[in-house]
Every structure is written in structure tokens, then in C-alpha cells.
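Q: Okay, handing you the structure first.
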Amino acid sequence: MPKMKTRRAAAKRLRKTAKGHLKRSRGWKRHKLEAKEPKRRHRLRKAGLIHKADEPRLKKLVPYL
């Protein structure tokens with residue numbers, strides 16, 4: 001059976017946690033940061049997890065991650 005191809009765009013945006021879940025960086029932190037509250041900017045620094053319903057679909061995009 002041939003190897004599966006990894007979607008490079010997804011591989012650059014996702015990381016795997018120790019338990020095997022997928023981790024992502026949060027959006028809305030590129031520009032206009034002075035309009036956002038410091039508390040909100042602080043929360044945007046932390047990584048988020050992929051929702052449970054989306055995880056099987058995204059794991060197919062990055063089979064060897």
C-alpha cells in the first residue's frame with residue numbers, strides 16, 4: 001500500500017499533543033491589536049485544541065503527525 005500524502009498547509013498549522021489530540025494556534029492576532037483588550041490578547045497567545053467533531057477529518061490530512 002502506498003504512503004499517504006500529508007497536506008502541507010495543515011501540517012504547518014497543527015501540532016499533536018501528548019495524548020494524540022490536535023492543537024492549533026488561535027486566530028485574530030495579526031493586526032489592530034491596540035483595539036483589543038490586553039486580557040483578550042493574552043488569551044489569544046495560548047494554543048487551542050481542535051474540536052472533537054473536527055478531529056477525525058483533520059487527522060486524515062496529517063496522517064503522520
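Ordering of the C-alpha cells sets the chain letters (A, B, ...), residue numbers begin anew at 1 in every chain, and ligands are numbered from 1 in the order given.
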Please give the complete set of residues from chain A that DSSP, run on the backbone, assigns to strand (DSSP E or B), formatted as a PyMOL selection string.
A: chain A and resi 14-16+22-24+48-49
Q: Hey, what's within 10 Å of Arg15 of chain A if we count only C-alpha atoms and toss same-chain stuff fewer than 6 positions away? As a list in words, please?
A: His21, Leu22, Lys23, Arg24, Ser25, Ala47, Leu49, Val62 and Leu65 of chain A
Q: Restricted to N, CA, C and O atoms, what would the selected residues look like written as a PDB file, in the first residue's frame?
A:
ATOM      1  N   HIS A  21      -4.224  14.381  20.653  1.00  0.00           N
ATOM      2  CA  HIS A  21      -5.181  15.355  20.133  1.00  0.00           C
ATOM      3  C   HIS A  21      -4.437  16.362  19.266  1.00  0.00           C
ATOM      4  O   HIS A  21      -3.210  16.455  19.301  1.00  0.00           O
ATOM      5  N   LEU A  22      -5.177  17.139  18.506  1.00  0.00           N
ATOM      6  CA  LEU A  22      -4.562  18.143  17.649  1.00  0.00           C
ATOM      7  C   LEU A  22      -4.683  19.517  18.293  1.00  0.00           C
ATOM      8  O   LEU A  22      -5.724  19.880  18.822  1.00  0.00           O
ATOM      9  N   LYS A  23      -3.595  20.271  18.224  1.00  0.00           N
ATOM     10  CA  LYS A  23      -3.510  21.592  18.820  1.00  0.00           C
ATOM     11  C   LYS A  23      -3.386  22.603  17.691  1.00  0.00           C
ATOM     12  O   LYS A  23      -2.778  22.319  16.655  1.00  0.00           O
ATOM     13  N   ARG A  24      -3.962  23.783  17.885  1.00  0.00           N
ATOM     14  CA  ARG A  24      -3.905  24.823  16.863  1.00  0.00           C
ATOM     15  C   ARG A  24      -3.599  26.154  17.524  1.00  0.00           C
ATOM     16  O   ARG A  24      -3.808  26.315  18.721  1.00  0.00           O
ATOM     17  N   SER A  25      -3.123  27.092  16.726  1.00  0.00           N
ATOM     18  CA  SER A  25      -2.940  28.438  17.257  1.00  0.00           C
ATOM     19  C   SER A  25      -4.218  29.219  17.023  1.00  0.00           C
ATOM     20  O   SER A  25      -4.976  28.927  16.100  1.00  0.00           O
ATOM     21  N   ALA A  47      -2.437  28.266  22.869  1.00  0.00           N
ATOM     22  CA  ALA A  47      -2.929  27.386  21.810  1.00  0.00           C
ATOM     23  C   ALA A  47      -4.279  26.811  22.213  1.00  0.00           C
ATOM     24  O   ALA A  47      -4.581  26.662  23.394  1.00  0.00           O
ATOM     25  N   LEU A  49      -7.349  23.692  21.299  1.00  0.00           N
ATOM     26  CA  LEU A  49      -7.489  22.337  20.776  1.00  0.00           C
ATOM     27  C   LEU A  49      -8.518  22.326  19.654  1.00  0.00           C
ATOM     28  O   LEU A  49      -9.446  23.128  19.637  1.00  0.00           O
ATOM     29  N   VAL A  62      -3.281  14.981   8.118  1.00  0.00           N
ATOM     30  CA  VAL A  62      -1.911  14.875   8.629  1.00  0.00           C
ATOM     31  C   VAL A  62      -1.734  13.480   9.243  1.00  0.00           C
ATOM     32  O   VAL A  62      -1.634  13.325  10.443  1.00  0.00           O
ATOM     33  N   LEU A  65       1.532  12.921  11.587  1.00  0.00           N
ATOM     34  CA  LEU A  65       1.861  13.954  12.573  1.00  0.00           C
ATOM     35  C   LEU A  65       1.897  13.368  13.951  1.00  0.00           C
ATOM     36  O   LEU A  65       1.157  12.527  14.325  1.00  0.00           O
TER      37      LEU A  65
END
Q: At what distance in Å, to one decimal, does atom CA of Arg41 of chain A lie from atom CA of Trp28 of chain A?
A: 9.0 Å
Q: Within chain A, find each residue whose DSSP state, derived from the backbone, is alpha helix (DSSP H), and express the selection as a list in words.
A: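 Output for chain A, alpha helix (DSSP H) only: Arg8, Ala9, Ala10, Ala11, Lys12, Arg13, Pro38, Lys39, Arg40, Arg41, His42, Arg43, Leu44, Arg45, Glu55, Pro56, Arg57, Leu58, Lys59, Lys60 and Leu61 of chain A.
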Q: Go through A:Leu61, A:Glu55, A:Ile50, A:Leu33 one by one, measure the shortest atom-to-atom distance of each to Lys12 of chain A using only C-alpha atoms, and give the residue with the smallest value.
A: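 Looking only at the distances to Lys12 of chain A, the closest residue turns out to be A:Leu61.
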Q: From the set A:Arg26, A:His31, A:Lys59, A:Lys5, which residue has the shortest atom-to-atom contact distance to Arg43 of chain A, counting only C-alpha atoms?
A: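 When distances to Arg43 of chain A are compared using only C-alpha atoms, the smallest one comes from A:Arg26.
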Q: For a test of reading the model, state the distance in Å between atom CA of Lys52 of chain A and atom CA of Gly27 of chain A, rounded to one decimal.
A: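 Between these atoms lies a distance of 18.5 Å.
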Q: Atom CA of Leu58 of chain A and atom CA of Ala10 of chain A, how far apart in Å?
A: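 It comes out at 7.9 Å.
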Q: Using only C-alpha atoms, which protein or nucleic acid residues come within 12 Å of Pro38 of chain A? Drop anything in the same chain fewer than 6 positions from it, and give the result as a PyMOL selection string.
A: chain A and resi 29+44-45
